[in-house]
Amino acid sequence: MLTDSFGRVHSDLRVSLTDRCQLRCTYCMPEEGLEWAQDVLTADEIARVVRVAVWQGITEVRLTGGEPLLRRDLLDIVAAIDVPDLSLTTNGMGLARIAPELRAAGLQRVNVSVDTLRPDRFRMLTRRGGHEAVLDGVRAAKQAGLLPVKVNTVLMRGINDDEVLDLVAWARAEDVELRFIEHMPLGPDGAWDRADLVTAEEVLATLRGAYEMTPVGARGHAPAELFVLDGGGPRVGVIASVTQPFCGDCDRLRLTADGHLRACLFSREEDDLRPLLRGGASDEDLAAKLHAVVASKGAGHGIGLPGFVPPPRTMSEIGG
């Protein structure tokens, strides 16, 4: 098992397939100026790393980006991965077109980003159009059986924090699980100010004013604290990555599109697997590297500590 020095057993691997995206969300990427990775892992290299990781105890893999639907060989990658729990996080833009094929290839479920129900706000937040395509993607994922469909919403003060109840009503009508995620300092320089953070507790206070909320047991390693509203319907969750970090239960590793293995989303250190993958290393060598990276993992990301410095890569470069 992939166990760190704090006794945390790692069973979850996030695999970024690309740092590219057709949107330019203000909290994630600058509008211009990012240099795209030119040397990303091939489908065979991704499949090999996942195979070795599963051999060492990984049971859950999530494909991320950037926008993973932009990989032309996405279906081949999905089909090559044999893991008990295989999911994908997407902006939803191209999901309506490919959802049935993803399900047929072996994908089990999706997370879709929906930060607003207003097309004008969508254009402002993403600097692009396509709001209806995202909502169509959510519906197509449901129809294709990529269940449960989970919707991720990042709230920003003065921008979309007035849509909490509207988003919940929409999610309940669409029968999808909604998670409100605290805005993390992983975007372009100057895009994050703690004073503007909409906290999970603020979201819960709003929800308590409108619904009877029943907690859904202990979350275990999952990041979301989940609730049932008014005794039924799809669950709603909050992910308090900043104000109530869950580092003590973290079981995740991350592989970037350009082959760097990271023990923490906020890590400033990462290990390049490409020399091993392309230099004749054995699966045992790769497994040893996985164990070494896990062993180097710190106790937590330290967002709340004085002197915290975010990683030099944006979320789109690391993989969500």
# chains A, B, ... in the order shown; residues from 1 in each chain; ligands from 1
>>> residues_around(residues="stretch 87-94 of chain A", least_positions_apart="4", cutoff="8 Å", atoms="only C-alpha atoms", output="list in words")
Val61, Arg62, Leu63, Thr64, Gly65, Glu67, Pro68, Leu69, Ile98, Leu107, Gln108, Arg109, Val110, Asn111, Val112, Ser113, Val114, Gly130, Ala133, Val134, Leu135, Gly137, Val138 and Gly320 of chain A
>>> write_last_selection(atoms="N, CA and C atoms", output="PDB file, in the first residue's frame")
ATOM      1  N   VAL A  61      -9.481   6.310  -9.791  1.00  0.00           N
ATOM      2  CA  VAL A  61      -8.779   7.193 -10.718  1.00  0.00           C
ATOM      3  C   VAL A  61      -9.771   8.196 -11.266  1.00  0.00           C
ATOM      4  N   ARG A  62      -9.373   9.475 -11.229  1.00  0.00           N
ATOM      5  CA  ARG A  62     -10.185  10.505 -11.867  1.00  0.00           C
ATOM      6  C   ARG A  62      -9.353  11.189 -12.939  1.00  0.00           C
ATOM      7  N   LEU A  63      -9.899  11.275 -14.136  1.00  0.00           N
ATOM      8  CA  LEU A  63      -9.249  11.944 -15.253  1.00  0.00           C
ATOM      9  C   LEU A  63      -9.644  13.415 -15.232  1.00  0.00           C
ATOM     10  N   THR A  64      -8.624  14.296 -15.319  1.00  0.00           N
ATOM     11  CA  THR A  64      -8.870  15.722 -15.195  1.00  0.00           C
ATOM     12  C   THR A  64      -8.119  16.481 -16.280  1.00  0.00           C
ATOM     13  N   GLY A  65      -8.144  17.806 -16.175  1.00  0.00           N
ATOM     14  CA  GLY A  65      -7.381  18.671 -17.062  1.00  0.00           C
ATOM     15  C   GLY A  65      -6.902  19.879 -16.294  1.00  0.00           C
ATOM     16  N   GLU A  67      -9.017  20.592 -19.679  1.00  0.00           N
ATOM     17  CA  GLU A  67     -10.267  19.969 -20.086  1.00  0.00           C
ATOM     18  C   GLU A  67      -9.970  18.627 -20.745  1.00  0.00           C
ATOM     19  N   PRO A  68     -10.220  17.512 -20.043  1.00  0.00           N
ATOM     20  CA  PRO A  68      -9.836  16.196 -20.571  1.00  0.00           C
ATOM     21  C   PRO A  68     -10.550  15.807 -21.859  1.00  0.00           C
ATOM     22  N   LEU A  69     -11.724  16.374 -22.124  1.00  0.00           N
ATOM     23  CA  LEU A  69     -12.422  16.017 -23.356  1.00  0.00           C
ATOM     24  C   LEU A  69     -11.697  16.516 -24.596  1.00  0.00           C
ATOM     25  N   ILE A  98     -20.109  13.200 -26.480  1.00  0.00           N
ATOM     26  CA  ILE A  98     -19.286  12.012 -26.257  1.00  0.00           C
ATOM     27  C   ILE A  98     -19.712  11.166 -25.059  1.00  0.00           C
ATOM     28  N   LEU A 107     -16.014   4.425 -18.594  1.00  0.00           N
ATOM     29  CA  LEU A 107     -16.121   5.479 -17.596  1.00  0.00           C
ATOM     30  C   LEU A 107     -17.384   5.267 -16.774  1.00  0.00           C
ATOM     31  N   GLN A 108     -17.285   5.519 -15.472  1.00  0.00           N
ATOM     32  CA  GLN A 108     -18.415   5.246 -14.597  1.00  0.00           C
ATOM     33  C   GLN A 108     -19.215   6.481 -14.234  1.00  0.00           C
ATOM     34  N   ARG A 109     -18.551   7.629 -14.045  1.00  0.00           N
ATOM     35  CA  ARG A 109     -19.277   8.817 -13.596  1.00  0.00           C
ATOM     36  C   ARG A 109     -18.486  10.075 -13.964  1.00  0.00           C
ATOM     37  N   VAL A 110     -19.153  11.222 -13.854  1.00  0.00           N
ATOM     38  CA  VAL A 110     -18.506  12.495 -14.186  1.00  0.00           C
ATOM     39  C   VAL A 110     -18.812  13.545 -13.126  1.00  0.00           C
ATOM     40  N   ASN A 111     -17.894  14.490 -13.007  1.00  0.00           N
ATOM     41  CA  ASN A 111     -18.110  15.738 -12.284  1.00  0.00           C
ATOM     42  C   ASN A 111     -18.096  16.862 -13.316  1.00  0.00           C
ATOM     43  N   VAL A 112     -19.092  17.733 -13.274  1.00  0.00           N
ATOM     44  CA  VAL A 112     -19.209  18.816 -14.246  1.00  0.00           C
ATOM     45  C   VAL A 112     -19.196  20.156 -13.504  1.00  0.00           C
ATOM     46  N   SER A 113     -18.430  21.105 -13.999  1.00  0.00           N
ATOM     47  CA  SER A 113     -18.361  22.430 -13.393  1.00  0.00           C
ATOM     48  C   SER A 113     -19.510  23.299 -13.888  1.00  0.00           C
ATOM     49  N   VAL A 114     -20.323  23.783 -12.948  1.00  0.00           N
ATOM     50  CA  VAL A 114     -21.408  24.710 -13.263  1.00  0.00           C
ATOM     51  C   VAL A 114     -21.375  25.801 -12.190  1.00  0.00           C
ATOM     52  N   GLY A 130     -21.109  29.453 -24.406  1.00  0.00           N
ATOM     53  CA  GLY A 130     -21.320  28.013 -24.335  1.00  0.00           C
ATOM     54  C   GLY A 130     -22.062  27.524 -23.119  1.00  0.00           C
ATOM     55  N   ALA A 133     -24.438  24.643 -23.681  1.00  0.00           N
ATOM     56  CA  ALA A 133     -23.746  23.379 -23.978  1.00  0.00           C
ATOM     57  C   ALA A 133     -23.360  22.662 -22.694  1.00  0.00           C
ATOM     58  N   VAL A 134     -22.993  23.421 -21.667  1.00  0.00           N
ATOM     59  CA  VAL A 134     -22.646  22.811 -20.378  1.00  0.00           C
ATOM     60  C   VAL A 134     -23.864  22.143 -19.760  1.00  0.00           C
ATOM     61  N   LEU A 135     -24.982  22.849 -19.742  1.00  0.00           N
ATOM     62  CA  LEU A 135     -26.195  22.269 -19.166  1.00  0.00           C
ATOM     63  C   LEU A 135     -26.659  21.055 -19.974  1.00  0.00           C
ATOM     64  N   GLY A 137     -24.652  19.076 -21.471  1.00  0.00           N
ATOM     65  CA  GLY A 137     -23.716  18.022 -21.102  1.00  0.00           C
ATOM     66  C   GLY A 137     -24.110  17.323 -19.824  1.00  0.00           C
ATOM     67  N   VAL A 138     -24.603  18.080 -18.846  1.00  0.00           N
ATOM     68  CA  VAL A 138     -25.082  17.483 -17.594  1.00  0.00           C
ATOM     69  C   VAL A 138     -26.215  16.498 -17.879  1.00  0.00           C
ATOM     70  N   GLY A 320      -7.190  19.093 -11.706  1.00  0.00           N
ATOM     71  CA  GLY A 320      -8.096  19.259 -10.577  1.00  0.00           C
ATOM     72  C   GLY A 320      -8.323  17.992  -9.769  1.00  0.00           C
TER      73      GLY A 320
END
>>> residues_around(residues="A:Phe6", least_positions_apart="2", cutoff="12 Å", atoms="only C-alpha atoms", output="PDB file with C-alpha atoms, in the first residue's frame")
ATOM      1  CA  LEU A   2       1.051   3.579  -0.643  1.00  0.00           C
ATOM      2  CA  THR A   3       1.367   4.811   2.943  1.00  0.00           C
ATOM      3  CA  ASP A   4       2.963   8.095   3.991  1.00  0.00           C
ATOM      4  CA  ARG A   8      -2.362   7.865   5.466  1.00  0.00           C
ATOM      5  CA  VAL A   9      -3.021   5.141   2.906  1.00  0.00           C
ATOM      6  CA  HIS A  10      -3.340   6.482  -0.646  1.00  0.00           C
ATOM      7  CA  CYS A 247      -5.438  17.005   4.993  1.00  0.00           C
ATOM      8  CA  GLY A 248      -5.469  14.486   7.826  1.00  0.00           C
ATOM      9  CA  ASP A 249      -7.669  12.191   5.742  1.00  0.00           C
ATOM     10  CA  CYS A 250      -6.095  12.881   2.348  1.00  0.00           C
ATOM     11  CA  ASP A 251      -5.556   9.767   0.221  1.00  0.00           C
ATOM     12  CA  VAL A 294       4.050   9.394  -0.986  1.00  0.00           C
ATOM     13  CA  ALA A 295       6.691   9.122   1.742  1.00  0.00           C
ATOM     14  CA  SER A 296       7.674  12.765   1.130  1.00  0.00           C
ATOM     15  CA  LYS A 297       4.147  14.077   1.678  1.00  0.00           C
ATOM     16  CA  GLY A 298       3.753  16.729   4.353  1.00  0.00           C
ATOM     17  CA  ALA A 299       1.151  16.859   7.094  1.00  0.00           C
ATOM     18  CA  GLY A 300      -0.949  19.448   5.249  1.00  0.00           C
TER      19      GLY A 300
END
>>> select_by_dssp(residues="stretch 23-142 of chain A", states="helix (DSSP H, G or I)", output="VMD selection string")
chain A and resid 43 to 55 68 to 70 74 to 80 95 to 105 119 to 126 131 to 142
>>> residues_around(residues="A:Arg278", least_positions_apart="3", cutoff="12 Å", atoms="only C-alpha atoms", output="PyMOL selection string")
chain A and resi 41-42+44-45+48+259+272-275+281-282+286
>>> closest_residue(among="A:Ala43, A:Met184, A:Leu117, A:Val83", to="A:Leu13", atoms="only C-alpha atoms")
A:Val83
>>> residues_around(residues="A:Phe266", least_positions_apart="2", cutoff="10 Å", atoms="only C-alpha atoms", output="PDB file with N, CA and C atoms, in the first residue's frame")
ATOM      1  N   MET A 184     -10.008  28.277  -4.079  1.00  0.00           N
ATOM      2  CA  MET A 184      -8.653  28.012  -3.609  1.00  0.00           C
ATOM      3  C   MET A 184      -7.620  28.882  -4.340  1.00  0.00           C
ATOM      4  N   PRO A 185      -6.491  29.154  -3.700  1.00  0.00           N
ATOM      5  CA  PRO A 185      -5.461  30.006  -4.322  1.00  0.00           C
ATOM      6  C   PRO A 185      -4.619  29.242  -5.341  1.00  0.00           C
ATOM      7  N   LEU A 186      -5.256  28.885  -6.452  1.00  0.00           N
ATOM      8  CA  LEU A 186      -4.573  28.115  -7.485  1.00  0.00           C
ATOM      9  C   LEU A 186      -4.816  28.692  -8.872  1.00  0.00           C
ATOM     10  N   ARG A 262       2.717  14.447  -8.039  1.00  0.00           N
ATOM     11  CA  ARG A 262       2.610  15.380  -6.925  1.00  0.00           C
ATOM     12  C   ARG A 262       1.890  14.705  -5.761  1.00  0.00           C
ATOM     13  N   ALA A 263       2.403  14.908  -4.554  1.00  0.00           N
ATOM     14  CA  ALA A 263       1.783  14.318  -3.368  1.00  0.00           C
ATOM     15  C   ALA A 263       0.661  15.186  -2.815  1.00  0.00           C
ATOM     16  N   CYS A 264       0.616  16.457  -3.222  1.00  0.00           N
ATOM     17  CA  CYS A 264      -0.395  17.380  -2.704  1.00  0.00           C
ATOM     18  C   CYS A 264      -0.731  18.387  -3.791  1.00  0.00           C
ATOM     19  N   ARG A 268       4.894  22.358  -3.734  1.00  0.00           N
ATOM     20  CA  ARG A 268       5.824  23.114  -4.566  1.00  0.00           C
ATOM     21  C   ARG A 268       6.911  22.200  -5.127  1.00  0.00           C
ATOM     22  N   GLU A 269       6.789  20.903  -4.839  1.00  0.00           N
ATOM     23  CA  GLU A 269       7.739  19.919  -5.342  1.00  0.00           C
ATOM     24  C   GLU A 269       6.989  18.832  -6.102  1.00  0.00           C
ATOM     25  N   GLY A 300       0.161  18.699   5.817  1.00  0.00           N
ATOM     26  CA  GLY A 300      -0.949  19.448   5.249  1.00  0.00           C
ATOM     27  C   GLY A 300      -0.461  20.527   4.320  1.00  0.00           C
ATOM     28  N   HIS A 301      -1.403  21.192   3.639  1.00  0.00           N
ATOM     29  CA  HIS A 301      -1.000  22.185   2.642  1.00  0.00           C
ATOM     30  C   HIS A 301      -0.623  23.532   3.248  1.00  0.00           C
ATOM     31  N   GLY A 302      -1.097  23.821   4.457  1.00  0.00           N
ATOM     32  CA  GLY A 302      -0.661  25.022   5.150  1.00  0.00           C
ATOM     33  C   GLY A 302      -1.259  26.320   4.655  1.00  0.00           C
ATOM     34  N   ILE A 303      -2.422  26.282   4.006  1.00  0.00           N
ATOM     35  CA  ILE A 303      -3.021  27.519   3.504  1.00  0.00           C
ATOM     36  C   ILE A 303      -3.224  28.539   4.624  1.00  0.00           C
ATOM     37  N   PHE A 308       2.414  31.168   3.873  1.00  0.00           N
ATOM     38  CA  PHE A 308       2.027  30.206   2.843  1.00  0.00           C
ATOM     39  C   PHE A 308       2.261  30.782   1.454  1.00  0.00           C
ATOM     40  N   VAL A 309       2.893  29.994   0.611  1.00  0.00           N
ATOM     41  CA  VAL A 309       3.147  30.398  -0.768  1.00  0.00           C
ATOM     42  C   VAL A 309       2.497  29.372  -1.688  1.00  0.00           C
ATOM     43  N   PRO A 310       1.572  29.781  -2.535  1.00  0.00           N
ATOM     44  CA  PRO A 310       0.919  28.819  -3.422  1.00  0.00           C
ATOM     45  C   PRO A 310       1.906  28.257  -4.434  1.00  0.00           C
ATOM     46  N   PRO A 311       1.593  27.115  -5.018  1.00  0.00           N
ATOM     47  CA  PRO A 311       2.493  26.534  -6.013  1.00  0.00           C
ATOM     48  C   PRO A 311       2.606  27.418  -7.246  1.00  0.00           C
ATOM     49  N   PRO A 312       3.699  27.311  -7.980  1.00  0.00           N
ATOM     50  CA  PRO A 312       3.875  28.155  -9.164  1.00  0.00           C
ATOM     51  C   PRO A 312       2.958  27.777 -10.318  1.00  0.00           C
ATOM     52  N   ARG A 313       2.393  26.597 -10.294  1.00  0.00           N
ATOM     53  CA  ARG A 313       1.480  26.162 -11.357  1.00  0.00           C
ATOM     54  C   ARG A 313       0.038  26.503 -11.001  1.00  0.00           C
ATOM     55  N   THR A 314      -0.757  26.812 -12.028  1.00  0.00           N
ATOM     56  CA  THR A 314      -2.171  27.027 -11.824  1.00  0.00           C
ATOM     57  C   THR A 314      -2.895  25.681 -11.770  1.00  0.00           C
ATOM     58  N   MET A 315      -4.179  25.725 -11.364  1.00  0.00           N
ATOM     59  CA  MET A 315      -4.974  24.502 -11.306  1.00  0.00           C
ATOM     60  C   MET A 315      -5.007  23.797 -12.657  1.00  0.00           C
ATOM     61  N   ILE A 318      -1.873  21.800 -13.048  1.00  0.00           N
ATOM     62  CA  ILE A 318      -1.692  20.704 -12.107  1.00  0.00           C
ATOM     63  C   ILE A 318      -2.688  19.579 -12.390  1.00  0.00           C
TER      64      ILE A 318
END
>>> residues_around(residues="A:Ala37", least_positions_apart="3", cutoff="9 Å", atoms="only C-alpha atoms", output="list of chain:residue names")
A:Thr18, A:Asp19, A:Arg20, A:Val40, A:Ala257, A:Asp258, A:Glu317
>>> write_last_selection(atoms="N, CA and C atoms", output="compact mmCIF listing (two decimals), in the first residue's frame")
# COMPACT_ATOMS: atom_id res chain seq x y z
N THR A 18 -4.44 16.88 -19.97
CA THR A 18 -4.00 18.04 -20.74
C THR A 18 -4.11 19.28 -19.86
N ASP A 19 -3.30 20.27 -20.14
CA ASP A 19 -3.44 21.55 -19.44
C ASP A 19 -4.27 22.54 -20.26
N ARG A 20 -4.71 22.13 -21.44
CA ARG A 20 -5.46 23.01 -22.33
C ARG A 20 -6.94 23.03 -21.96
N VAL A 40 3.43 16.05 -23.33
CA VAL A 40 2.52 15.38 -22.41
C VAL A 40 2.68 13.86 -22.54
N ALA A 257 -0.29 16.44 -16.62
CA ALA A 257 -0.31 16.05 -18.03
C ALA A 257 1.10 15.82 -18.58
N ASP A 258 2.07 16.58 -18.05
CA ASP A 258 3.44 16.42 -18.51
C ASP A 258 4.25 15.46 -17.65
N GLU A 317 -2.78 23.64 -14.87
CA GLU A 317 -1.50 22.99 -15.14
C GLU A 317 -1.28 21.77 -14.25
>>> residues_around(residues="A:Ala104", least_positions_apart="6", cutoff="12 Å", atoms="only C-alpha atoms", output="CSV table (one decimal) with C-alpha atoms, in the first residue's frame")
chain,number,residue,atom,x,y,z
A,75,LEU,CA,-11.7,7.0,-25.4
A,76,ASP,CA,-8.5,4.9,-25.8
A,78,VAL,CA,-10.5,5.3,-20.7
A,79,ALA,CA,-10.7,1.9,-22.2
A,98,ILE,CA,-19.3,12.0,-26.3
A,144,ALA,CA,-25.7,7.9,-20.7
A,145,GLY,CA,-25.7,6.4,-17.2
A,146,LEU,CA,-22.6,8.3,-15.9
>>> closest_residue(among="A:Thr116, A:Thr126, A:Gln56, A:Ser5", to="A:Glu31", atoms="only C-alpha atoms")
A:Thr126
>>> atom_distance(atom1="atom CA of A:Ala80", atom2="atom CA of A:Glu284")
20.0 Å
>>> atom_distance(atom1="atom CA of A:Ala205", atom2="atom CA of A:Gln244")
15.5 Å
>>> closest_residue(among="A:Met213, A:Met1, A:Leu95, A:Gly233", to="A:Ala173", atoms="only C-alpha atoms")
A:Gly233
>>> residues_around(residues="stretch 215-218 of chain A", least_positions_apart="3", cutoff="7 Å", atoms="only C-alpha atoms", output="number ranges by chain")
A: 226-228
>>> decode(residues="stretch 6-43 of chain A", atoms="N, CA and C atoms", output="PDB file, in the first residue's frame")
ATOM      1  N   PHE A   6       2.657   9.677   7.897  1.00  0.00           N
ATOM      2  CA  PHE A   6       1.616   9.983   8.868  1.00  0.00           C
ATOM      3  C   PHE A   6       0.554   8.885   8.918  1.00  0.00           C
ATOM      4  N   GLY A   7       0.820   7.780   8.229  1.00  0.00           N
ATOM      5  CA  GLY A   7      -0.084   6.642   8.251  1.00  0.00           C
ATOM      6  C   GLY A   7      -1.250   6.720   7.298  1.00  0.00           C
ATOM      7  N   ARG A   8      -1.265   7.746   6.424  1.00  0.00           N
ATOM      8  CA  ARG A   8      -2.362   7.865   5.466  1.00  0.00           C
ATOM      9  C   ARG A   8      -2.132   6.933   4.278  1.00  0.00           C
ATOM     10  N   VAL A   9      -3.101   6.082   4.021  1.00  0.00           N
ATOM     11  CA  VAL A   9      -3.021   5.141   2.906  1.00  0.00           C
ATOM     12  C   VAL A   9      -3.640   5.803   1.671  1.00  0.00           C
ATOM     13  N   HIS A  10      -2.904   5.792   0.565  1.00  0.00           N
ATOM     14  CA  HIS A  10      -3.340   6.482  -0.646  1.00  0.00           C
ATOM     15  C   HIS A  10      -3.977   5.505  -1.625  1.00  0.00           C
ATOM     16  N   SER A  11      -5.228   5.809  -1.981  1.00  0.00           N
ATOM     17  CA  SER A  11      -5.969   4.932  -2.896  1.00  0.00           C
ATOM     18  C   SER A  11      -6.580   5.686  -4.063  1.00  0.00           C
ATOM     19  N   ASP A  12      -6.312   6.997  -4.159  1.00  0.00           N
ATOM     20  CA  ASP A  12      -6.951   7.868  -5.150  1.00  0.00           C
ATOM     21  C   ASP A  12      -5.867   8.551  -5.989  1.00  0.00           C
ATOM     22  N   LEU A  13      -5.950   8.397  -7.303  1.00  0.00           N
ATOM     23  CA  LEU A  13      -4.998   9.025  -8.224  1.00  0.00           C
ATOM     24  C   LEU A  13      -5.752   9.926  -9.184  1.00  0.00           C
ATOM     25  N   ARG A  14      -5.381  11.213  -9.219  1.00  0.00           N
ATOM     26  CA  ARG A  14      -5.933  12.164 -10.174  1.00  0.00           C
ATOM     27  C   ARG A  14      -4.957  12.279 -11.341  1.00  0.00           C
ATOM     28  N   VAL A  15      -5.443  12.043 -12.542  1.00  0.00           N
ATOM     29  CA  VAL A  15      -4.594  12.021 -13.733  1.00  0.00           C
ATOM     30  C   VAL A  15      -5.024  13.128 -14.680  1.00  0.00           C
ATOM     31  N   SER A  16      -4.182  14.146 -14.827  1.00  0.00           N
ATOM     32  CA  SER A  16      -4.464  15.215 -15.774  1.00  0.00           C
ATOM     33  C   SER A  16      -4.056  14.767 -17.178  1.00  0.00           C
ATOM     34  N   LEU A  17      -4.958  14.932 -18.130  1.00  0.00           N
ATOM     35  CA  LEU A  17      -4.688  14.509 -19.503  1.00  0.00           C
ATOM     36  C   LEU A  17      -4.184  15.641 -20.380  1.00  0.00           C
ATOM     37  N   THR A  18      -4.442  16.875 -19.973  1.00  0.00           N
ATOM     38  CA  THR A  18      -4.001  18.040 -20.744  1.00  0.00           C
ATOM     39  C   THR A  18      -4.112  19.277 -19.860  1.00  0.00           C
ATOM     40  N   ASP A  19      -3.296  20.270 -20.136  1.00  0.00           N
ATOM     41  CA  ASP A  19      -3.440  21.551 -19.439  1.00  0.00           C
ATOM     42  C   ASP A  19      -4.266  22.538 -20.264  1.00  0.00           C
ATOM     43  N   ARG A  20      -4.706  22.129 -21.435  1.00  0.00           N
ATOM     44  CA  ARG A  20      -5.458  23.007 -22.326  1.00  0.00           C
ATOM     45  C   ARG A  20      -6.943  23.026 -21.957  1.00  0.00           C
ATOM     46  N   CYS A  21      -7.583  24.144 -22.251  1.00  0.00           N
ATOM     47  CA  CYS A  21      -9.010  24.271 -22.012  1.00  0.00           C
ATOM     48  C   CYS A  21      -9.567  25.314 -22.970  1.00  0.00           C
ATOM     49  N   GLN A  22     -10.816  25.117 -23.405  1.00  0.00           N
ATOM     50  CA  GLN A  22     -11.424  26.087 -24.314  1.00  0.00           C
ATOM     51  C   GLN A  22     -12.048  27.255 -23.562  1.00  0.00           C
ATOM     52  N   LEU A  23     -12.133  27.160 -22.215  1.00  0.00           N
ATOM     53  CA  LEU A  23     -12.614  28.266 -21.400  1.00  0.00           C
ATOM     54  C   LEU A  23     -11.437  28.957 -20.717  1.00  0.00           C
ATOM     55  N   ARG A  24     -11.689  30.118 -20.142  1.00  0.00           N
ATOM     56  CA  ARG A  24     -10.663  30.871 -19.426  1.00  0.00           C
ATOM     57  C   ARG A  24     -11.263  31.387 -18.115  1.00  0.00           C
ATOM     58  N   CYS A  25     -11.680  30.463 -17.267  1.00  0.00           N
ATOM     59  CA  CYS A  25     -12.337  30.843 -16.023  1.00  0.00           C
ATOM     60  C   CYS A  25     -11.420  31.728 -15.190  1.00  0.00           C
ATOM     61  N   THR A  26     -11.972  32.806 -14.659  1.00  0.00           N
ATOM     62  CA  THR A  26     -11.170  33.824 -13.991  1.00  0.00           C
ATOM     63  C   THR A  26     -10.422  33.286 -12.786  1.00  0.00           C
ATOM     64  N   TYR A  27     -10.993  32.289 -12.099  1.00  0.00           N
ATOM     65  CA  TYR A  27     -10.357  31.757 -10.896  1.00  0.00           C
ATOM     66  C   TYR A  27      -9.348  30.649 -11.200  1.00  0.00           C
ATOM     67  N   CYS A  28      -9.216  30.299 -12.473  1.00  0.00           N
ATOM     68  CA  CYS A  28      -8.378  29.157 -12.845  1.00  0.00           C
ATOM     69  C   CYS A  28      -7.220  29.538 -13.756  1.00  0.00           C
ATOM     70  N   MET A  29      -7.485  30.365 -14.767  1.00  0.00           N
ATOM     71  CA  MET A  29      -6.480  30.637 -15.791  1.00  0.00           C
ATOM     72  C   MET A  29      -6.468  32.120 -16.150  1.00  0.00           C
ATOM     73  N   PRO A  30      -5.300  32.649 -16.530  1.00  0.00           N
ATOM     74  CA  PRO A  30      -5.289  34.002 -17.098  1.00  0.00           C
ATOM     75  C   PRO A  30      -5.950  33.986 -18.473  1.00  0.00           C
ATOM     76  N   GLU A  31      -6.424  35.138 -18.902  1.00  0.00           N
ATOM     77  CA  GLU A  31      -7.100  35.193 -20.206  1.00  0.00           C
ATOM     78  C   GLU A  31      -6.142  34.893 -21.344  1.00  0.00           C
ATOM     79  N   GLU A  32      -4.901  35.342 -21.201  1.00  0.00           N
ATOM     80  CA  GLU A  32      -3.876  35.104 -22.209  1.00  0.00           C
ATOM     81  C   GLU A  32      -2.542  34.824 -21.512  1.00  0.00           C
ATOM     82  N   GLY A  33      -1.605  34.233 -22.241  1.00  0.00           N
ATOM     83  CA  GLY A  33      -0.240  34.172 -21.758  1.00  0.00           C
ATOM     84  C   GLY A  33       0.256  32.842 -21.238  1.00  0.00           C
ATOM     85  N   LEU A  34      -0.639  31.863 -21.021  1.00  0.00           N
ATOM     86  CA  LEU A  34      -0.158  30.560 -20.569  1.00  0.00           C
ATOM     87  C   LEU A  34       0.542  29.834 -21.713  1.00  0.00           C
ATOM     88  N   GLU A  35       1.668  29.216 -21.397  1.00  0.00           N
ATOM     89  CA  GLU A  35       2.356  28.385 -22.381  1.00  0.00           C
ATOM     90  C   GLU A  35       1.933  26.941 -22.160  1.00  0.00           C
ATOM     91  N   TRP A  36       1.333  26.325 -23.187  1.00  0.00           N
ATOM     92  CA  TRP A  36       0.829  24.964 -23.050  1.00  0.00           C
ATOM     93  C   TRP A  36       1.989  23.963 -22.991  1.00  0.00           C
ATOM     94  N   ALA A  37       1.791  22.907 -22.241  1.00  0.00           N
ATOM     95  CA  ALA A  37       2.781  21.831 -22.180  1.00  0.00           C
ATOM     96  C   ALA A  37       2.931  21.203 -23.556  1.00  0.00           C
ATOM     97  N   GLN A  38       4.168  21.020 -23.982  1.00  0.00           N
ATOM     98  CA  GLN A  38       4.437  20.477 -25.313  1.00  0.00           C
ATOM     99  C   GLN A  38       4.771  18.990 -25.287  1.00  0.00           C
ATOM    100  N   ASP A  39       5.077  18.464 -24.101  1.00  0.00           N
ATOM    101  CA  ASP A  39       5.528  17.074 -23.995  1.00  0.00           C
ATOM    102  C   ASP A  39       4.674  16.355 -22.965  1.00  0.00           C
ATOM    103  N   VAL A  40       3.432  16.053 -23.334  1.00  0.00           N
ATOM    104  CA  VAL A  40       2.521  15.380 -22.411  1.00  0.00           C
ATOM    105  C   VAL A  40       2.676  13.862 -22.536  1.00  0.00           C
ATOM    106  N   LEU A  41       2.226  13.161 -21.524  1.00  0.00           N
ATOM    107  CA  LEU A  41       2.289  11.707 -21.548  1.00  0.00           C
ATOM    108  C   LEU A  41       1.392  11.152 -22.648  1.00  0.00           C
ATOM    109  N   THR A  42       1.842  10.075 -23.261  1.00  0.00           N
ATOM    110  CA  THR A  42       1.023   9.389 -24.249  1.00  0.00           C
ATOM    111  C   THR A  42      -0.022   8.532 -23.549  1.00  0.00           C
ATOM    112  N   ALA A  43      -0.985   8.055 -24.328  1.00  0.00           N
ATOM    113  CA  ALA A  43      -2.010   7.183 -23.762  1.00  0.00           C
ATOM    114  C   ALA A  43      -1.388   5.934 -23.152  1.00  0.00           C
TER     115      ALA A  43
END
